[in-house]
Amino acid sequence: MVDVKIENVYKYYGSIDGVAAVHDLNMDIKNGEFVAILGPSGCGKSSTMRMISGLEHISAGTISFGGNIVNNLAPKDRDIAMVFENYALYPHKTVFDNVANPLKLAKVSSPEITERVKRATQLLEIDHLLDRRPQELSGGQKQRVAIGRAIVRQPQVFLFDEPIAHLDAKLRARMRSELKRLQVDLGVTSLYVTHDQLEALSMADRVAVMHEGILQQYDTPQAIYEKPANAWVATFVGEPQMSLIECVIRQKGSGVVLDFEGHEIAVGAKVGKVLAASKEREVLAGFRPNHVAINTRKTAGSIPGIIYARQLLGGEILAEAQVNNTMIRARVNTDFSLQLGDKCSVSLSKEDLNVFSADTGVAIY
Amino acid sequence: MSGENVSKRHPIFTADAWGFRASEQMPETINRSPSKLFYVYLMAPAIALLAAITIYPFLWLIYMSLHKVKLGPVDDKWVGLKNYAKLLSDAKYFEGWVLLGKYSSMCLTFEIIIGVTLAVILNNSRFEKPLVTLFLMPMMVSPVVAGLLWFYLYNGTFGWYHWLFESLGLLGGASILGRPETALYGIVIVDVWQWTPLITLITLAGLKRVPQDQLEASMVDGSSPIRNFFSVSLPNIFPFLLIAILLRFMDNFRFIDAILALTGGGPADSTKLLPVYLFDVSFKFFKLGRGGAIAFSLLVVTIILGLILVRIFEDPARKQAMSAQD
Ligand SMILES: Nc1ncnc2c1ncn2[C@@H]1O[C@H](COP(=O)(O)OP(=O)(O)O)[C@@H](O)[C@H]1O
Ligand SMILES: [Mg+2]
C-alpha cells in the first residue's frame with residue numbers, strides 16, 4: 001500500500017502535435033485513499049488509469065508509487081491489481097483458476113492458493129461457482145470473479161476501470177456499497193474510473209473530475225457538489241442538472257443584486273460581498289433544483305415563466321420552467337398541479353447558489 | 001497478505017425471491033419451429049453430384065485393390081485380399097511408412113514452431129504487411145517448381161545453398177540430396193520453406209482474435225510476455241492451429257510433387273516415402289492392384305490420424321468457440 005503521485009502527465013496517441021488524451025495531469029492519491037476519476041466518455045479516464053497500470057506508455061511527466069518513479073516498470077513489476085470494464089476473464093480457465101492466476105504467477109504455494117482463493121470467493125459469494133467457466137456465469141457473477149482476481153492478493157494499488165458499468169441498476173447499487181466496504185476493509189489505495197457521478201460521489205474519498213483530457217477539479221465529493229470549480233463541473237455533477245442563468249451584477253443601494261433579463265434577483269449578504277469585490281460584471285448564476293421553487297402564485301422577487309416540462313422522479317417531480325430562452329429546473333412535490341404551458345412563477349434561493357464568470361466559467365462564489 | 005482482512009462475509013448478494021414465481025402450468029400448444037427441410041431440398045442436387053464424383057473413384061480404388069488389374073482389353077482377375085497379404089511381406093512398404101512418419105513429423109514440428117514464432121514476432125509489428133506479402137511468395141509457387149528451384153540450389157556443382165553448406169563445413173562436400181543420410185532433410189527443408197508461411201498466416205489470423213483485455217489482465221496479474229503467450233494467446237489460437245496442422249499433415253501424406261522433382265525417391269530409396277513408393281508401384285511398374293491396396297491403406301491411416309488429431313484439439317477448440325460467442 002502506497003501513495004500515488006501523478007506529476008505533469010501527458011498522453012498523446014500518435015503524433016505529439018495532435019490533441020492530448022491527457023493534458024498536464026497532476027494528482028496525488030494518499031495511502032489507503034479511494035479516489036474516483038469522473039468524466040464523460042472519451043475524456044481520458046482510461047488513458048490515465050492505463051498509464052498508472054503500465055499498460056500504456058506515459059508520453060510526458062512522471063508517475064510514482066511511494067516515491068519511486070514507475071514510468072519504466074512493466075505492469076507485472078508494479079504490484080497492482082486491475083478490474084476491467086468487460087471483466088477480461090480467461091475463458092479457458094475455471095473460476096478457481098481465474099482467481100488463482102495472480103497467485104500462481106507470484107509462485108505462492110498451492111495449499112495457500114487454495115486457502116486464499118476460498119477466502120476471497122467466500123467474501124464475494126462465488127465460492128459455489130469455482131468449477132464453472134466464465135461463459136457459464138451471469139454478468140454480475142463475472143464481475144465478482146474479476147474483483148476476486150484483484151483482491152486475492154494484497155496489491156499496492158487497486159485500479160478499477162468502470163467495473164460495474166455493464167451491470168443492471170439494482171446490482172450496480174449493491175456493488176457500489178460492497179466495493180466501498182471492501183476497499184475500506186482492505187485499506188488498499190484505490191483508483192476508480194467511472195462516467196457515473198453517483199458511483200464517484202458515493203464511493204470515493206476524493207473525486208477527480210476530468211473533461212477533454214484536463215483535470216477540472218480534484219476534491220471531496222461534497223466540495224465538488226457544493227463548490228464546483230467551474231461551470232462545466234457544476235452542470236456535469238448533480239442530477240438533475242443545475243440551472244445556469246446569465247446575469248449581470250448590478251449595484252443596488254449599498255449592496256449588489258443580479259440582474260436577469262430585467263428581473264432582479266436578490267442575493268444573501270455573504271454572496272453579495274464576494275460579488276461586490278469581484279471584477280466580473282457578466283456572470284452565470286447556478287441553482288440546484290432543490291434551491292428553486294416553482295409556484296402558481298406570484299411572490300416577492302419571483303420571476304414569471306411558463307412550465308416547459310415535468311418529469312416524475314418517483315417521490316417528487318422535476319419541473320422545468322421557461323423564462324424567455326432560459327430553462328430553470330426545480331424539484332417539487334408530487335401534488336404539483338401545473339401542466340405544460342401553464343403560467344408559473346419561479347423563486348430562487350438567496351444563499352444557495354453558485355456564481356461563475358460568464359467569460360471563463362471559473363467559479364466566483 | 002490479504003488473509004486477515006478478507007475473513008468476514010459481507011451481507012450482500014442475497015437472492016431476491018419476493019417476486020412472482022413460475023407456476024407448473026405448461027402452454028397448451030407449442031409453436032413448431034420453422035422447418036429446415038426446404039434448404040436440404042435445395043442442396044440435394046449439388047450433394048448428389050459431389051457424391052458421384054468423389055465416391056465413384058473411391059469405390060474403384062477398393063475394386064482395384066481386390067483385383068489383378070490388367071491394362072489390356074482383358075478382364076481384371078479377382079484375387080481377394082492377396083494384394084494386401086503381399087504388402088505384409090514387402091519391406092519397402094514398411095520402410096515407406098517409417099520414412100513418411102519421419103518426414104511428416106519433422107515437417108510439422110518445424111513448420112509449427114517456426115510459423116508460430118514468426119507470427120508472434122510479426123503480429124502488430126511495423127513490418128507486418130510487407131513481410132507477410134513477401135512470405136506468401138513460396139506458397140504461390142507450384143510444388144514442382146519449388147522442387148526444381150531447390151534442386152538447383154542444392155546442386156553439387158553450381159548450387160548456391162550447396163556452396164553455403166560447404167562453406168560452413170557442413171555435409172563434407174557431397175550434395176545434401178546426394179547422400180542417403182541427408183536427402184530426407186533436404187526434402188524436409190523444401191517443405192518447411194514452402195509451407196511455413198501458411199502456418200504463419202493462419203496463426204496471424206488467430207492472433208488478431210486474441211482478446212486484448214485478456215492479455216492486459218494477464219500482464220497485470222504478473223505474467224511475462226512469454227508466459228502471456230502460453231497462457232492467453234495459445235489457448236485462444238488453438239482452433240486455428242488445429243486447422244493448420246490438419247491441412248499440413250494431410251498434404252504431407254498426399255503431395256509428392258516436390259519430392260519427385262528433387263530426388264524421385266532416391267538416393268538408395270532414402271526418400272521413398274510411402275506415397276512415392278505408391279507412385280512407383282502404380283505408374284512405373286503398373287501394378288495397379290497392388291497400388292490400390294497401398295493407396296487404400298494410406299487413406300485409412302490418414303483418416304484415423306486425422307480423427308485423432310481432431311479429437312485432441314476438439315475440446316479446447318470448442319470451448320474457445322463458445323467463449324468467442326460470449
Ligand atoms: N489506443 C488509442 N489510440 C488512439 N486514440 C486513443 C486510444 N485510446 C484512447 N484514445 C483516445 O483518447 C481519448 C481518451 O480516451 P480514454 O482515455 O479511453 O477515455 P475514457 O476512458 O474517459 O472514455 C479519446 O479521444 C480516445 O479516442
Ligand atoms: Mg474508458
# chains A, B, ... in the order shown; residues from 1 in each chain; ligands from 1
>>> residues_near_ligand(ligand="ligand 2", cutoff="10 Å", atoms="only C-alpha atoms and all ligand atoms", output="ChimeraX atom specification")
/A:39-50,84-85,161-162,193-195
>>> write_last_selection(atoms="N, CA, C and O atoms", output="PDB file, in the first residue's frame")
ATOM      1  N   GLY A  39     -15.786  11.551 -15.399  1.00  0.00           N
ATOM      2  CA  GLY A  39     -15.819  12.385 -16.595  1.00  0.00           C
ATOM      3  C   GLY A  39     -16.605  11.682 -17.674  1.00  0.00           C
ATOM      4  O   GLY A  39     -16.814  10.477 -17.595  1.00  0.00           O
ATOM      5  N   PRO A  40     -17.032  12.427 -18.692  1.00  0.00           N
ATOM      6  CA  PRO A  40     -17.795  11.794 -19.766  1.00  0.00           C
ATOM      7  C   PRO A  40     -16.902  10.869 -20.578  1.00  0.00           C
ATOM      8  O   PRO A  40     -15.678  10.918 -20.469  1.00  0.00           O
ATOM      9  N   SER A  41     -17.504  10.052 -21.392  1.00  0.00           N
ATOM     10  CA  SER A  41     -16.765   9.107 -22.214  1.00  0.00           C
ATOM     11  C   SER A  41     -15.776   9.843 -23.118  1.00  0.00           C
ATOM     12  O   SER A  41     -16.109  10.862 -23.703  1.00  0.00           O
ATOM     13  N   GLY A  42     -14.542   9.341 -23.188  1.00  0.00           N
ATOM     14  CA  GLY A  42     -13.539   9.930 -24.063  1.00  0.00           C
ATOM     15  C   GLY A  42     -12.751  11.073 -23.445  1.00  0.00           C
ATOM     16  O   GLY A  42     -11.982  11.734 -24.123  1.00  0.00           O
ATOM     17  N   CYS A  43     -12.917  11.290 -22.130  1.00  0.00           N
ATOM     18  CA  CYS A  43     -12.237  12.439 -21.516  1.00  0.00           C
ATOM     19  C   CYS A  43     -10.827  12.094 -21.052  1.00  0.00           C
ATOM     20  O   CYS A  43     -10.104  12.956 -20.584  1.00  0.00           O
ATOM     21  N   GLY A  44     -10.434  10.830 -21.191  1.00  0.00           N
ATOM     22  CA  GLY A  44      -9.066  10.466 -20.809  1.00  0.00           C
ATOM     23  C   GLY A  44      -8.950   9.708 -19.498  1.00  0.00           C
ATOM     24  O   GLY A  44      -7.849   9.534 -18.984  1.00  0.00           O
ATOM     25  N   LYS A  45     -10.056   9.236 -18.980  1.00  0.00           N
ATOM     26  CA  LYS A  45     -10.020   8.492 -17.717  1.00  0.00           C
ATOM     27  C   LYS A  45      -9.237   7.196 -17.855  1.00  0.00           C
ATOM     28  O   LYS A  45      -8.325   6.928 -17.080  1.00  0.00           O
ATOM     29  N   SER A  46      -9.624   6.401 -18.866  1.00  0.00           N
ATOM     30  CA  SER A  46      -8.945   5.115 -19.041  1.00  0.00           C
ATOM     31  C   SER A  46      -7.479   5.317 -19.373  1.00  0.00           C
ATOM     32  O   SER A  46      -6.623   4.576 -18.889  1.00  0.00           O
ATOM     33  N   SER A  47      -7.195   6.317 -20.186  1.00  0.00           N
ATOM     34  CA  SER A  47      -5.794   6.580 -20.525  1.00  0.00           C
ATOM     35  C   SER A  47      -4.990   6.821 -19.262  1.00  0.00           C
ATOM     36  O   SER A  47      -3.886   6.297 -19.101  1.00  0.00           O
ATOM     37  N   THR A  48      -5.534   7.609 -18.347  1.00  0.00           N
ATOM     38  CA  THR A  48      -4.851   7.883 -17.093  1.00  0.00           C
ATOM     39  C   THR A  48      -4.610   6.588 -16.324  1.00  0.00           C
ATOM     40  O   THR A  48      -3.490   6.302 -15.882  1.00  0.00           O
ATOM     41  N   MET A  49      -5.672   5.801 -16.205  1.00  0.00           N
ATOM     42  CA  MET A  49      -5.556   4.557 -15.443  1.00  0.00           C
ATOM     43  C   MET A  49      -4.565   3.595 -16.090  1.00  0.00           C
ATOM     44  O   MET A  49      -3.782   2.954 -15.402  1.00  0.00           O
ATOM     45  N   ARG A  50      -4.596   3.545 -17.421  1.00  0.00           N
ATOM     46  CA  ARG A  50      -3.700   2.614 -18.102  1.00  0.00           C
ATOM     47  C   ARG A  50      -2.245   3.048 -18.003  1.00  0.00           C
ATOM     48  O   ARG A  50      -1.338   2.224 -18.031  1.00  0.00           O
ATOM     49  N   PHE A  84     -11.254  -4.814 -15.041  1.00  0.00           N
ATOM     50  CA  PHE A  84     -11.548  -4.220 -16.340  1.00  0.00           C
ATOM     51  C   PHE A  84     -13.052  -4.070 -16.544  1.00  0.00           C
ATOM     52  O   PHE A  84     -13.849  -4.811 -15.988  1.00  0.00           O
ATOM     53  N   GLU A  85     -13.403  -3.134 -17.421  1.00  0.00           N
ATOM     54  CA  GLU A  85     -14.800  -2.855 -17.714  1.00  0.00           C
ATOM     55  C   GLU A  85     -15.526  -4.098 -18.228  1.00  0.00           C
ATOM     56  O   GLU A  85     -16.633  -4.390 -17.816  1.00  0.00           O
ATOM     57  N   ASP A 161     -11.519   0.064 -13.695  1.00  0.00           N
ATOM     58  CA  ASP A 161     -11.944   0.836 -14.874  1.00  0.00           C
ATOM     59  C   ASP A 161     -13.404   0.531 -15.178  1.00  0.00           C
ATOM     60  O   ASP A 161     -13.706  -0.487 -15.796  1.00  0.00           O
ATOM     61  N   GLU A 162     -14.283   1.383 -14.751  1.00  0.00           N
ATOM     62  CA  GLU A 162     -15.724   1.214 -14.932  1.00  0.00           C
ATOM     63  C   GLU A 162     -16.156  -0.222 -14.639  1.00  0.00           C
ATOM     64  O   GLU A 162     -16.779  -0.871 -15.492  1.00  0.00           O
ATOM     65  N   VAL A 193     -12.313   4.468 -11.947  1.00  0.00           N
ATOM     66  CA  VAL A 193     -12.691   5.281 -13.096  1.00  0.00           C
ATOM     67  C   VAL A 193     -14.159   5.054 -13.419  1.00  0.00           C
ATOM     68  O   VAL A 193     -14.617   3.912 -13.452  1.00  0.00           O
ATOM     69  N   THR A 194     -14.907   6.115 -13.612  1.00  0.00           N
ATOM     70  CA  THR A 194     -16.316   5.952 -13.951  1.00  0.00           C
ATOM     71  C   THR A 194     -16.859   7.177 -14.664  1.00  0.00           C
ATOM     72  O   THR A 194     -16.331   8.275 -14.519  1.00  0.00           O
ATOM     73  N   HIS A 195     -17.906   6.957 -15.461  1.00  0.00           N
ATOM     74  CA  HIS A 195     -18.587   8.113 -16.051  1.00  0.00           C
ATOM     75  C   HIS A 195     -19.870   8.397 -15.279  1.00  0.00           C
ATOM     76  O   HIS A 195     -20.613   9.301 -15.613  1.00  0.00           O
TER      77      HIS A 195
END
>>> residues_around(residues="Asp280 in chain B", least_positions_apart="3", cutoff="12 Å", atoms="only C-alpha atoms", output="ChimeraX atom specification")
/B:92-93,96,256,260,264-266,269,272-277,283-288,290-291,294-295
>>> closest_residue(among="A:Glu7, A:Ile52, A:Asp17, A:Val2", to="chain B", atoms="only C-alpha atoms")
A:Ile52
>>> residues_around(residues="Leu66 in chain B", least_positions_apart="2", cutoff="7 Å", atoms="only C-alpha atoms", output="PyMOL selection string")
chain B and resi 62-64+78-81+83+289
>>> residues_around(residues="Asn31 in chain A", least_positions_apart="3", cutoff="9 Å", atoms="only C-alpha atoms", output="list in words")
Met1, Val2, Asp3, Val4, Phe34, Gly66, Gly187, Val188, Thr189 and Ser190 of chain A
>>> write_last_selection(atoms="C-alpha atoms", output="tab-separated table (two decimals), in the first residue's frame")
chain	number	residue	atom	x	y	z
A	1	MET	CA	0.00	0.00	0.00
A	2	VAL	CA	1.48	3.22	-1.16
A	3	ASP	CA	0.62	6.74	-2.12
A	4	VAL	CA	0.48	7.52	-5.82
A	34	PHE	CA	-10.20	5.80	-2.57
A	66	GLY	CA	5.53	5.60	-2.66
A	187	GLY	CA	-7.25	-0.48	3.08
A	188	VAL	CA	-5.60	-0.56	-0.33
A	189	THR	CA	-5.00	2.68	-2.21
A	190	SER	CA	-7.61	2.63	-4.98
>>> select_by_dssp(residues="range 143-355 of chain A", states="alpha helix (DSSP H)", output="number ranges by chain")
A: 143-151, 169-186, 197-203, 221-226, 231-236, 269-277
>>> write_last_selection(atoms="C-alpha atoms", output="mmCIF file, in the first residue's frame")
data_model
loop_
_atom_site.group_PDB
_atom_site.id
_atom_site.type_symbol
_atom_site.label_atom_id
_atom_site.label_comp_id
_atom_site.auth_asym_id
_atom_site.auth_seq_id
_atom_site.Cartn_x
_atom_site.Cartn_y
_atom_site.Cartn_z
ATOM 1 C CA GLN A 143 -17.838 -9.107 -12.282
ATOM 2 C CA ARG A 144 -17.361 -10.670 -8.881
ATOM 3 C CA VAL A 145 -14.853 -13.159 -10.287
ATOM 4 C CA ALA A 146 -12.923 -10.235 -11.785
ATOM 5 C CA ILE A 147 -12.971 -8.494 -8.401
ATOM 6 C CA GLY A 148 -11.948 -11.751 -6.733
ATOM 7 C CA ARG A 149 -8.940 -11.954 -9.015
ATOM 8 C CA ALA A 150 -7.954 -8.465 -7.848
ATOM 9 C CA ILE A 151 -8.460 -8.901 -4.088
ATOM 10 C CA ALA A 169 -29.158 -0.826 -11.999
ATOM 11 C CA LYS A 170 -30.075 -2.821 -8.928
ATOM 12 C CA LEU A 171 -26.919 -4.880 -8.892
ATOM 13 C CA ARG A 172 -24.924 -1.729 -9.522
ATOM 14 C CA ALA A 173 -26.348 -0.080 -6.427
ATOM 15 C CA ARG A 174 -25.445 -3.120 -4.364
ATOM 16 C CA MET A 175 -21.959 -3.365 -5.834
ATOM 17 C CA ARG A 176 -21.341 0.305 -5.035
ATOM 18 C CA SER A 177 -21.712 -0.200 -1.333
ATOM 19 C CA GLU A 178 -19.904 -3.516 -1.484
ATOM 20 C CA LEU A 179 -16.885 -2.239 -3.344
ATOM 21 C CA LYS A 180 -16.639 0.647 -0.931
ATOM 22 C CA ARG A 181 -16.767 -1.719 2.047
ATOM 23 C CA LEU A 182 -14.160 -3.985 0.521
ATOM 24 C CA GLN A 183 -11.852 -1.076 -0.113
ATOM 25 C CA VAL A 184 -12.172 0.212 3.437
ATOM 26 C CA ASP A 185 -11.641 -3.268 4.854
ATOM 27 C CA LEU A 186 -8.609 -3.997 2.708
ATOM 28 C CA GLN A 197 -21.370 10.513 -10.977
ATOM 29 C CA LEU A 198 -23.425 8.512 -8.500
ATOM 30 C CA GLU A 199 -20.632 5.941 -8.301
ATOM 31 C CA ALA A 200 -17.929 8.559 -7.944
ATOM 32 C CA LEU A 201 -19.728 10.706 -5.376
ATOM 33 C CA SER A 202 -20.994 7.804 -3.295
ATOM 34 C CA MET A 203 -17.831 5.750 -3.084
ATOM 35 C CA PRO A 221 -17.450 14.651 -3.264
ATOM 36 C CA GLN A 222 -19.164 17.224 -1.087
ATOM 37 C CA ALA A 223 -16.923 20.050 -2.212
ATOM 38 C CA ILE A 224 -17.383 19.035 -5.839
ATOM 39 C CA TYR A 225 -21.117 19.122 -5.429
ATOM 40 C CA GLU A 226 -21.347 22.265 -3.345
ATOM 41 C CA ALA A 231 -19.488 25.989 -14.705
ATOM 42 C CA TRP A 232 -18.689 22.769 -16.582
ATOM 43 C CA VAL A 233 -18.238 20.790 -13.363
ATOM 44 C CA ALA A 234 -21.343 22.453 -11.948
ATOM 45 C CA THR A 235 -23.541 21.220 -14.776
ATOM 46 C CA PHE A 236 -21.826 17.824 -15.123
ATOM 47 C CA ALA A 269 -25.110 39.175 2.329
ATOM 48 C CA LYS A 270 -22.228 36.697 2.031
ATOM 49 C CA VAL A 271 -22.663 36.199 -1.710
ATOM 50 C CA GLY A 272 -23.203 39.923 -2.168
ATOM 51 C CA LYS A 273 -19.891 40.745 -0.550
ATOM 52 C CA VAL A 274 -17.979 38.355 -2.807
ATOM 53 C CA LEU A 275 -19.754 39.619 -5.911
ATOM 54 C CA ALA A 276 -19.139 43.248 -4.986
ATOM 55 C CA ALA A 277 -15.439 42.524 -4.614
#
>>> residues_around(residues="range 290-298 of chain A", least_positions_apart="2", cutoff="7 Å", atoms="only C-alpha atoms", output="NGL selection string")
:A and (287-288 or 300 or 302 or 330-331 or 344-349 or 352)
>>> write_last_selection(atoms="N, CA, C and O atoms", output="PDB file, in the first residue's frame")
ATOM      1  N   PHE A 287     -28.189  27.408  -9.963  1.00  0.00           N
ATOM      2  CA  PHE A 287     -29.083  26.986  -8.882  1.00  0.00           C
ATOM      3  C   PHE A 287     -29.378  25.503  -9.026  1.00  0.00           C
ATOM      4  O   PHE A 287     -29.791  25.044 -10.092  1.00  0.00           O
ATOM      5  N   ARG A 288     -29.158  24.742  -7.944  1.00  0.00           N
ATOM      6  CA  ARG A 288     -29.546  23.337  -7.929  1.00  0.00           C
ATOM      7  C   ARG A 288     -31.072  23.268  -7.886  1.00  0.00           C
ATOM      8  O   ARG A 288     -31.721  24.151  -7.303  1.00  0.00           O
ATOM      9  N   ALA A 300     -42.966  37.920  -3.823  1.00  0.00           N
ATOM     10  CA  ALA A 300     -41.989  38.993  -3.953  1.00  0.00           C
ATOM     11  C   ALA A 300     -40.690  38.454  -4.523  1.00  0.00           C
ATOM     12  O   ALA A 300     -40.163  37.454  -4.045  1.00  0.00           O
ATOM     13  N   SER A 302     -40.165  36.969  -7.335  1.00  0.00           N
ATOM     14  CA  SER A 302     -40.237  35.797  -8.206  1.00  0.00           C
ATOM     15  C   SER A 302     -40.243  36.221  -9.671  1.00  0.00           C
ATOM     16  O   SER A 302     -40.563  37.358 -10.009  1.00  0.00           O
ATOM     17  N   ALA A 330     -36.633  22.748 -11.132  1.00  0.00           N
ATOM     18  CA  ALA A 330     -36.907  22.709  -9.696  1.00  0.00           C
ATOM     19  C   ALA A 330     -37.470  21.351  -9.320  1.00  0.00           C
ATOM     20  O   ALA A 330     -38.174  20.725 -10.096  1.00  0.00           O
ATOM     21  N   ARG A 331     -37.125  20.923  -8.100  1.00  0.00           N
ATOM     22  CA  ARG A 331     -37.767  19.718  -7.565  1.00  0.00           C
ATOM     23  C   ARG A 331     -39.015  20.175  -6.829  1.00  0.00           C
ATOM     24  O   ARG A 331     -38.952  21.072  -5.992  1.00  0.00           O
ATOM     25  N   CYS A 344     -46.377  30.295 -14.536  1.00  0.00           N
ATOM     26  CA  CYS A 344     -45.901  29.991 -13.190  1.00  0.00           C
ATOM     27  C   CYS A 344     -44.964  31.104 -12.751  1.00  0.00           C
ATOM     28  O   CYS A 344     -44.625  31.988 -13.540  1.00  0.00           O
ATOM     29  N   SER A 345     -44.572  31.038 -11.492  1.00  0.00           N
ATOM     30  CA  SER A 345     -43.553  31.987 -11.070  1.00  0.00           C
ATOM     31  C   SER A 345     -42.441  31.253 -10.334  1.00  0.00           C
ATOM     32  O   SER A 345     -42.678  30.336  -9.563  1.00  0.00           O
ATOM     33  N   VAL A 346     -41.222  31.652 -10.653  1.00  0.00           N
ATOM     34  CA  VAL A 346     -40.038  30.944 -10.189  1.00  0.00           C
ATOM     35  C   VAL A 346     -39.352  31.748  -9.095  1.00  0.00           C
ATOM     36  O   VAL A 346     -39.061  32.929  -9.277  1.00  0.00           O
ATOM     37  N   SER A 347     -39.115  31.118  -7.938  1.00  0.00           N
ATOM     38  CA  SER A 347     -38.369  31.802  -6.868  1.00  0.00           C
ATOM     39  C   SER A 347     -37.033  31.113  -6.676  1.00  0.00           C
ATOM     40  O   SER A 347     -36.954  29.888  -6.632  1.00  0.00           O
ATOM     41  N   LEU A 348     -35.961  31.924  -6.586  1.00  0.00           N
ATOM     42  CA  LEU A 348     -34.613  31.375  -6.464  1.00  0.00           C
ATOM     43  C   LEU A 348     -34.072  31.634  -5.070  1.00  0.00           C
ATOM     44  O   LEU A 348     -34.385  32.642  -4.435  1.00  0.00           O
ATOM     45  N   SER A 349     -33.229  30.702  -4.619  1.00  0.00           N
ATOM     46  CA  SER A 349     -32.654  30.832  -3.279  1.00  0.00           C
ATOM     47  C   SER A 349     -31.686  32.020  -3.228  1.00  0.00           C
ATOM     48  O   SER A 349     -30.976  32.305  -4.185  1.00  0.00           O
ATOM     49  N   ASP A 352     -28.215  29.728  -1.454  1.00  0.00           N
ATOM     50  CA  ASP A 352     -27.678  28.511  -2.070  1.00  0.00           C
ATOM     51  C   ASP A 352     -27.561  28.667  -3.571  1.00  0.00           C
ATOM     52  O   ASP A 352     -28.399  28.192  -4.323  1.00  0.00           O
TER      53      ASP A 352
END
>>> closest_residue(among="A:Gly315, A:Gly213, A:Gly140, A:Pro75", to="ligand 1", atoms="only C-alpha atoms and all ligand atoms")
A:Gly213
>>> interface_residues(of="chain A", to="chain B", cutoff="9 Å", atoms="only C-alpha atoms", output="ChimeraX atom specification")
/A:53-55,74-84,86-92,101-103,105-106,115-116,119-120,122-125,134-135,149-155,171,174-175,178,181-182,185-187
>>> write_last_selection(atoms="C-alpha atoms", output="mmCIF file, in the first residue's frame")
data_model
loop_
_atom_site.group_PDB
_atom_site.id
_atom_site.type_symbol
_atom_site.label_atom_id
_atom_site.label_comp_id
_atom_site.auth_asym_id
_atom_site.auth_seq_id
_atom_site.Cartn_x
_atom_site.Cartn_y
_atom_site.Cartn_z
ATOM 1 C CA SER A 53 -1.072 0.348 -14.584
ATOM 2 C CA GLY A 54 1.769 0.351 -17.103
ATOM 3 C CA LEU A 55 -0.386 -0.833 -19.990
ATOM 4 C CA ALA A 74 6.208 -3.309 -16.724
ATOM 5 C CA PRO A 75 2.708 -3.910 -15.328
ATOM 6 C CA LYS A 76 3.855 -7.100 -13.640
ATOM 7 C CA ASP A 77 6.504 -5.202 -11.703
ATOM 8 C CA ARG A 78 4.157 -2.516 -10.403
ATOM 9 C CA ASP A 79 2.271 -4.752 -7.971
ATOM 10 C CA ILE A 80 -1.160 -3.559 -8.953
ATOM 11 C CA ALA A 81 -4.493 -5.254 -9.432
ATOM 12 C CA MET A 82 -6.915 -4.086 -12.052
ATOM 13 C CA VAL A 83 -10.579 -4.762 -12.724
ATOM 14 C CA PHE A 84 -11.548 -4.220 -16.340
ATOM 15 C CA ASN A 86 -15.517 -6.021 -19.683
ATOM 16 C CA TYR A 87 -14.189 -8.290 -16.920
ATOM 17 C CA ALA A 88 -11.374 -9.782 -19.071
ATOM 18 C CA LEU A 89 -11.696 -13.241 -17.552
ATOM 19 C CA TYR A 90 -9.775 -16.135 -19.097
ATOM 20 C CA PRO A 91 -12.442 -18.169 -20.922
ATOM 21 C CA HIS A 92 -10.482 -21.417 -20.915
ATOM 22 C CA ASN A 101 -3.899 -16.751 -11.601
ATOM 23 C CA PRO A 102 -2.080 -13.838 -9.887
ATOM 24 C CA LEU A 103 -1.065 -16.092 -7.003
ATOM 25 C CA LEU A 105 2.269 -16.198 -11.182
ATOM 26 C CA ALA A 106 3.635 -14.999 -7.849
ATOM 27 C CA GLU A 115 -6.931 -21.138 1.064
ATOM 28 C CA ARG A 116 -6.756 -17.589 -0.263
ATOM 29 C CA ARG A 119 -11.484 -16.784 1.335
ATOM 30 C CA ALA A 120 -11.774 -14.241 -1.472
ATOM 31 C CA GLN A 122 -16.474 -16.685 0.008
ATOM 32 C CA LEU A 123 -16.337 -12.995 0.645
ATOM 33 C CA LEU A 124 -17.796 -12.328 -2.788
ATOM 34 C CA GLU A 125 -20.215 -15.251 -2.531
ATOM 35 C CA PRO A 134 -16.714 -17.699 -17.388
ATOM 36 C CA GLN A 135 -19.201 -18.358 -20.178
ATOM 37 C CA ARG A 149 -8.940 -11.954 -9.015
ATOM 38 C CA ALA A 150 -7.954 -8.465 -7.848
ATOM 39 C CA ILE A 151 -8.460 -8.901 -4.088
ATOM 40 C CA VAL A 152 -6.987 -12.380 -3.826
ATOM 41 C CA ARG A 153 -3.647 -10.749 -3.223
ATOM 42 C CA GLN A 154 -2.899 -7.516 -1.434
ATOM 43 C CA PRO A 155 -1.521 -5.283 -4.181
ATOM 44 C CA LEU A 171 -26.919 -4.880 -8.892
ATOM 45 C CA ARG A 174 -25.445 -3.120 -4.364
ATOM 46 C CA MET A 175 -21.959 -3.365 -5.834
ATOM 47 C CA GLU A 178 -19.904 -3.516 -1.484
ATOM 48 C CA ARG A 181 -16.767 -1.719 2.047
ATOM 49 C CA LEU A 182 -14.160 -3.985 0.521
ATOM 50 C CA ASP A 185 -11.641 -3.268 4.854
ATOM 51 C CA LEU A 186 -8.609 -3.997 2.708
ATOM 52 C CA GLY A 187 -7.249 -0.484 3.082
#
>>> residues_around(residues="Leu198 in chain B", least_positions_apart="5", cutoff="9 Å", atoms="only C-alpha atoms", output="ChimeraX atom specification")
/B:111,115,135-136,139,203,244,248
>>> select_by_dssp(residues="range 98-170 of chain A", states="strand (DSSP E or B)", output="list of chain:residue names")
A:Val157, A:Phe158, A:Leu159, A:Phe160, A:Asp161
>>> residues_around(residues="Phe356 in chain A", least_positions_apart="6", cutoff="9 Å", atoms="only C-alpha atoms", output="PyMOL selection string")
chain A and resi 229-231+282-286+362-365
>>> closest_residue(among="B:Pro138, B:Gly178, B:Pro267, B:Gly147", to="Trp195 in chain B", atoms="only C-alpha atoms")
B:Pro138
>>> closest_residue(among="A:Glu212, A:Glu246, A:Glu280, A:Asp259", to="ligand 1", atoms="only C-alpha atoms and all ligand atoms")
A:Glu212
>>> atom_distance(atom1="CA of Asn123 in chain B", atom2="CA of Met51 in chain A")
22.8 Å
